[in-house]
Amino acid sequence: MSNVKEILLEELKTKALKHLIHLEDHIIHNGHEGAGVAAQHLDDVAKTLQGKKTTTHISTKYDGAPAVIFGQHPETGKFFVGTKSVFNKTPKINYTDKDIDANHGHAPGLAAKLKDSLVHLPKVMPKNGGVYQGDLMHTPEDVEKKDGKTHFTPNTITYSVDDDTAHGKAIANSKLGVVVHTKYSGRGGLGNMSAGPVDKKTRTTFASHGDVHNIDPTIDVNPSNFTAEERAEYSHHKAAANKAYSKMKPESMDALDGHGVKIETHINDMVRKGGDPSVDGLVDHLNKKSQKAIDSVSMQKSKDKKAAEHSKLMDHIEGNREHFKKAFEVHSHLQKAKDVLVNVMAKNNPFGHTVGGEPTKPEGAVAVDKSGNMTKLVDRKEFSRQNFLRSKMGSSEPVNESLGATTSSEPKYNGKNGIHNAFGQMMVKIKPPVEGHIPQRAGSNSVAGMRRKHQTHLHQNVNQVAVREETDSPNKHLVMSYVRMNPVHEGHAEVAKTVMNTAKGVGGEHKIILSHSHDSNKNPLSPDQKLKHAQRAFPDANIEVSNKQTPTILHHLSKAHDEGRREVTIVGGSDRDEFSGLAKKYNGVEGKHGYYKMKINFAQAGADRDEGKGVASYSASKMRTHAANGDMESFKKMAPKSMSDDHKEEMYHDTRNAMIKKESIMEAFIRTIKHR
């Protein structure tokens, strides 16, 4: 079986898409450059709320569902509607009601919403076409009138507005309510399009029609809502963040590099529990997490390995304690300054908000600057409270923290002229940390270097920008396995057998997912080739290949959650412990992979490779070695017994040809002669 961490790194080498993060978290994920972006966005949002013009676009986040992608299909020219599945390798495009029944008939509620969209959204389409994304907010059956107010609950938050207002009247007369927030652009089909905000100019191209309540998510500013007291509080925390940052050494951010996810997990944990993140708290959090990981494995060498890794991490944190401490201090003041702005924006919202009858704040907002840098402006404590209120309503589903705005196609984490420093000035040279300045460092911390460093963190797929669609699909138990099979061997037969038998035993469905990584060394077979060979080896199994939209097991767990599944059993081989820790770590945690929260079980197929003999010792790497050396007989002995000799030979030649295609004919010949 493959090493999970290795697979994840390989699968994330896809087209980078901007990851939407909290404003204050920019500093823990992207260092000095992140501090510059956070400062710029604070400054631009504050100016906007004072009625001043900026180039940053600010949109209100709406808790709608489902997310609908619609418009003129770039290849057929026909109007279509769909969910985020329009970006699948095999896209689900709906031109007619019949298409909707075929693609989404398993979820009657979703299908009904899509049919309403198919009828009414063409009425407001811009004349020049285009592809857009919006959140459905209401249809007539969702609307309730009571005590002079109109109410609707598209997802978790109940929105309310006075009947005699513009929104109240529009809702009463409309057949469909939608918030259109994203426009897709690009050539070569939907799969190659990138997403950006629906700006003011684009929004004016939408037609007006009484049947469609087209809600503009752009912040409607009333400067008087930003009181003198709030401006003073905001300025205080901004100045405090500036002062704390000025005391950080240029190399401070290097200490945090690669630890952003760990720090963010601790921060989120403290938001839920109530408390302030700190170095001691982070250490305590990681100690508990490490002990849990060590206890989860049975082999002593695995325990020792995990203990050694944790010890190294602790040494790093203790050796850089002051740097971590300063980062937490800056983070705290950035968050407090942001919270002031979030509270002001809430006063500009035309709707009232409740969850389970309890008043709450709006979802928040998203800021997108002219360079494509994005920031999520959300009151984290309020978001946690909304989740608690939802649990009181008898639902395990968290509040949908959807984008409600946009994503950009590339992680352009700075403008072409350098990093905008909202604390002082535009920084384009190497400078020591002076109060009022955010330095841009050279080398690995240059603009290009920082982009490379943080590229993995910034990966976010277009289809995960969409709101997680609600479905009425049956809550069937899914048994799944995520494997490489490059190439497939008899050991994989144990995996396939365990997956199918387990699914049969629990009365659920099964799926074997092959990674789509492809290179001439460790992954010589193309996705199509290994799917072909896997299907020949295990004809009764449901097998599919991952893709750029769903590259990792975490993405597939999120996909299963979106499909309505609430229990999954993951079948692994000798890497079961790594899969177990990874899946558990992100259960209930929003991330670049999306979101899932469900009961997760684990099952191991076959013996541990380190302890096994015979079939248990088989590996794809050994088969690749046999193929590279021209040893077809040894290769065929490891191939699944269920395959015919002809199919085994075809797989051998596919593997060998892919591995030696970059070698010269003479090199390949010499290697073959040496083997003989």
# chains A, B, ... in the order shown; residues from 1 in each chain; ligands from 1
$ residues_around --residues "Glu309 of chain A" --least-positions-apart "5" --cutoff "12 Å" --atoms "only C-alpha atoms" --output "number ranges by chain"
A: 286-287, 290-291, 293-294, 302-304, 314-316
$ residues_around --residues "Gln335 of chain A" --least-positions-apart "3" --cutoff "6 Å" --atoms "only C-alpha atoms" --output "list in words"
Glu24, Ser332 and Lys338 of chain A
$ residues_around --residues "Ser235 of chain A" --least-positions-apart "3" --cutoff "12 Å" --atoms "only C-alpha atoms" --output "list in words"
Leu42, Asp43, Ala46, Ala228, Glu229, Glu230, Arg231, Ala232, Lys238, Ala239, Ala240, Ala241, Asn242, His333, Leu334, Lys336, Ala337, Lys338, Val340, Leu341 and Phe423 of chain A
$ residues_around --residues "segment 482-493 of chain A" --least-positions-apart "4" --cutoff "7 Å" --atoms "only C-alpha atoms" --output "NGL selection string"
:A and (1-2 or 497 or 512-515 or 523-525 or 530 or 534 or 553 or 615-616 or 618 or 620 or 638-641)
$ residues_around --residues "Met632 of chain A" --least-positions-apart "2" --cutoff "10 Å" --atoms "only C-alpha atoms" --output "MDAnalysis selection string"
chainID A and resid 623 626:630 634:637 648:649 652:653 656
$ write_last_selection --atoms "N, CA and C atoms" --output "compact mmCIF listing (two decimals), in the first residue's frame"
# COMPACT_ATOMS: atom_id res chain seq x y z
N MET A 623 7.02 -4.32 -8.24
CA MET A 623 6.57 -4.58 -9.60
C MET A 623 7.18 -3.58 -10.58
N HIS A 626 10.68 -4.69 -11.28
CA HIS A 626 10.69 -5.81 -12.23
C HIS A 626 10.45 -5.30 -13.66
N ALA A 627 9.54 -4.37 -13.80
CA ALA A 627 9.25 -3.83 -15.12
C ALA A 627 10.44 -3.07 -15.68
N ALA A 628 11.07 -2.28 -14.83
CA ALA A 628 12.23 -1.50 -15.27
C ALA A 628 13.39 -2.40 -15.67
N ASN A 629 13.52 -3.53 -14.95
CA ASN A 629 14.61 -4.47 -15.23
C ASN A 629 14.27 -5.45 -16.35
N GLY A 630 13.07 -5.37 -16.87
CA GLY A 630 12.69 -6.28 -17.95
C GLY A 630 12.34 -7.68 -17.49
N SER A 634 8.63 -12.23 -13.13
CA SER A 634 8.48 -11.82 -11.73
C SER A 634 7.34 -10.82 -11.58
N PHE A 635 7.21 -9.95 -12.57
CA PHE A 635 6.12 -8.97 -12.57
C PHE A 635 4.77 -9.69 -12.58
N LYS A 636 4.64 -10.67 -13.47
CA LYS A 636 3.37 -11.38 -13.63
C LYS A 636 3.01 -12.20 -12.40
N LYS A 637 4.01 -12.71 -11.67
CA LYS A 637 3.75 -13.49 -10.47
C LYS A 637 3.07 -12.65 -9.39
N LYS A 648 -2.08 -9.45 -17.91
CA LYS A 648 -0.88 -9.23 -17.10
C LYS A 648 0.27 -8.71 -17.96
N GLU A 649 0.42 -9.30 -19.13
CA GLU A 649 1.49 -8.87 -20.03
C GLU A 649 1.24 -7.44 -20.53
N TYR A 652 2.22 -5.15 -17.84
CA TYR A 652 3.69 -5.12 -17.76
C TYR A 652 4.25 -4.15 -18.80
N HIS A 653 3.80 -4.29 -20.02
CA HIS A 653 4.32 -3.45 -21.09
C HIS A 653 3.92 -1.98 -20.90
N ARG A 656 6.28 -0.76 -18.09
CA ARG A 656 7.68 -0.66 -18.55
C ARG A 656 7.86 0.47 -19.55
$ closest_residue --among "A:Gly564, A:Asp269, A:Pro66, A:Asp44" --to "Val589 of chain A" --atoms "only C-alpha atoms"
A:Asp269
$ residues_around --residues "segment 249-261 of chain A" --least-positions-apart "3" --cutoff "6 Å" --atoms "only C-alpha atoms" --output "PyMOL selection string"
chain A and resi 28-29+31+264+323
$ select_by_dssp --residues "segment 58-260 of chain A" --states "strand (DSSP E or B)" --output "JSON, numbers by chain"
{"A": [58, 59, 60, 67, 68, 69, 70, 71, 72, 79, 80, 81, 82, 94, 131, 132, 133, 134, 135, 136, 137, 138, 144, 145, 146, 149, 150, 151, 152, 158, 159, 160, 161, 162, 176, 177, 178, 179, 180, 181, 182, 183, 184, 185, 194, 195, 196, 197, 212, 213, 214, 215, 218]}
$ write_last_selection --atoms "C-alpha atoms" --output "short mmCIF file (atom, residue, chain, number, x, y, z; two decimals), in the first residue's frame"
data_model
loop_
_atom_site.label_atom_id
_atom_site.label_comp_id
_atom_site.auth_asym_id
_atom_site.auth_seq_id
_atom_site.Cartn_x
_atom_site.Cartn_y
_atom_site.Cartn_z
CA ILE A 58 -16.56 43.30 -0.25
CA SER A 59 -19.49 40.86 -0.35
CA THR A 60 -21.88 39.68 2.33
CA ALA A 67 -25.30 26.33 -4.55
CA VAL A 68 -26.31 26.58 -8.20
CA ILE A 69 -23.97 27.01 -11.15
CA PHE A 70 -25.84 28.29 -14.18
CA GLY A 71 -25.52 30.15 -17.44
CA GLN A 72 -24.65 29.69 -21.08
CA PHE A 79 -28.54 27.51 -20.90
CA PHE A 80 -27.84 25.01 -18.11
CA VAL A 81 -28.10 24.66 -14.36
CA GLY A 82 -26.25 22.36 -11.99
CA ASN A 94 -28.74 19.92 -16.83
CA VAL A 131 -21.39 31.25 -16.33
CA TYR A 132 -22.28 32.18 -12.76
CA GLN A 133 -22.72 30.75 -9.29
CA GLY A 134 -25.32 31.66 -6.73
CA ASP A 135 -26.92 30.45 -3.52
CA LEU A 136 -30.65 29.72 -3.64
CA MET A 137 -32.40 31.57 -0.83
CA HIS A 138 -36.10 30.86 -1.24
CA GLU A 144 -43.55 32.37 5.85
CA LYS A 145 -45.31 35.60 6.79
CA LYS A 146 -45.86 36.42 10.45
CA LYS A 149 -42.46 40.16 8.58
CA THR A 150 -41.39 37.74 5.88
CA HIS A 151 -39.21 34.81 6.94
CA PHE A 152 -37.27 32.14 5.04
CA THR A 158 -33.56 32.18 9.27
CA TYR A 159 -33.70 35.51 7.43
CA SER A 160 -36.43 38.03 8.27
CA VAL A 161 -37.45 41.34 6.70
CA ASP A 162 -40.41 43.70 7.06
CA LEU A 176 -37.19 32.30 -6.80
CA GLY A 177 -34.70 34.07 -4.53
CA VAL A 178 -30.99 33.88 -5.30
CA VAL A 179 -27.69 35.54 -4.36
CA VAL A 180 -25.39 35.56 -7.41
CA HIS A 181 -21.85 36.10 -6.19
CA THR A 182 -19.41 34.40 -8.57
CA LYS A 183 -18.59 34.64 -12.28
CA TYR A 184 -16.54 32.00 -14.09
CA SER A 185 -14.26 32.89 -16.96
CA SER A 194 -11.65 30.14 -12.94
CA ALA A 195 -13.87 32.02 -10.52
CA GLY A 196 -13.97 35.67 -9.55
CA PRO A 197 -16.39 38.09 -7.88
CA VAL A 212 -36.56 36.44 -9.51
CA HIS A 213 -35.53 38.12 -6.26
CA ASN A 214 -31.86 38.70 -7.18
CA ILE A 215 -30.18 39.73 -3.92
CA THR A 218 -22.34 43.78 -2.11
#
$ closest_residue --among "A:Asp528, A:Gly148, A:Ser208, A:Ala39" --to "His237 of chain A" --atoms "only C-alpha atoms"
A:Ala39
$ atom_distance --atom1 "atom CA of Lys306 of chain A" --atom2 "atom CA of Ala605 of chain A"
22.5 Å
$ closest_residue --among "A:Lys292, A:Asn222, A:Val143, A:Leu121" --to "Ala207 of chain A" --atoms "only C-alpha atoms"
A:Leu121
$ residues_around --residues "segment 272-282 of chain A" --least-positions-apart "4" --cutoff "7 Å" --atoms "only C-alpha atoms" --output "short mmCIF file (atom, residue, chain, number, x, y, z; two decimals) with C-alpha atoms, in the first residue's frame"
data_model
loop_
_atom_site.label_atom_id
_atom_site.label_comp_id
_atom_site.auth_asym_id
_atom_site.auth_seq_id
_atom_site.Cartn_x
_atom_site.Cartn_y
_atom_site.Cartn_z
CA ILE A 263 -1.67 26.59 14.89
CA HIS A 266 -5.40 25.11 18.17
CA ILE A 267 -6.99 28.52 17.53
CA ASN A 268 -10.27 26.93 16.42
CA LEU A 286 -0.10 19.08 20.37
CA ARG A 321 8.94 30.29 21.70
CA PHE A 324 5.43 32.01 18.29
CA LYS A 325 4.43 34.26 21.19
CA PHE A 328 -0.09 35.01 18.64
CA SER A 384 -19.23 28.65 16.98
#
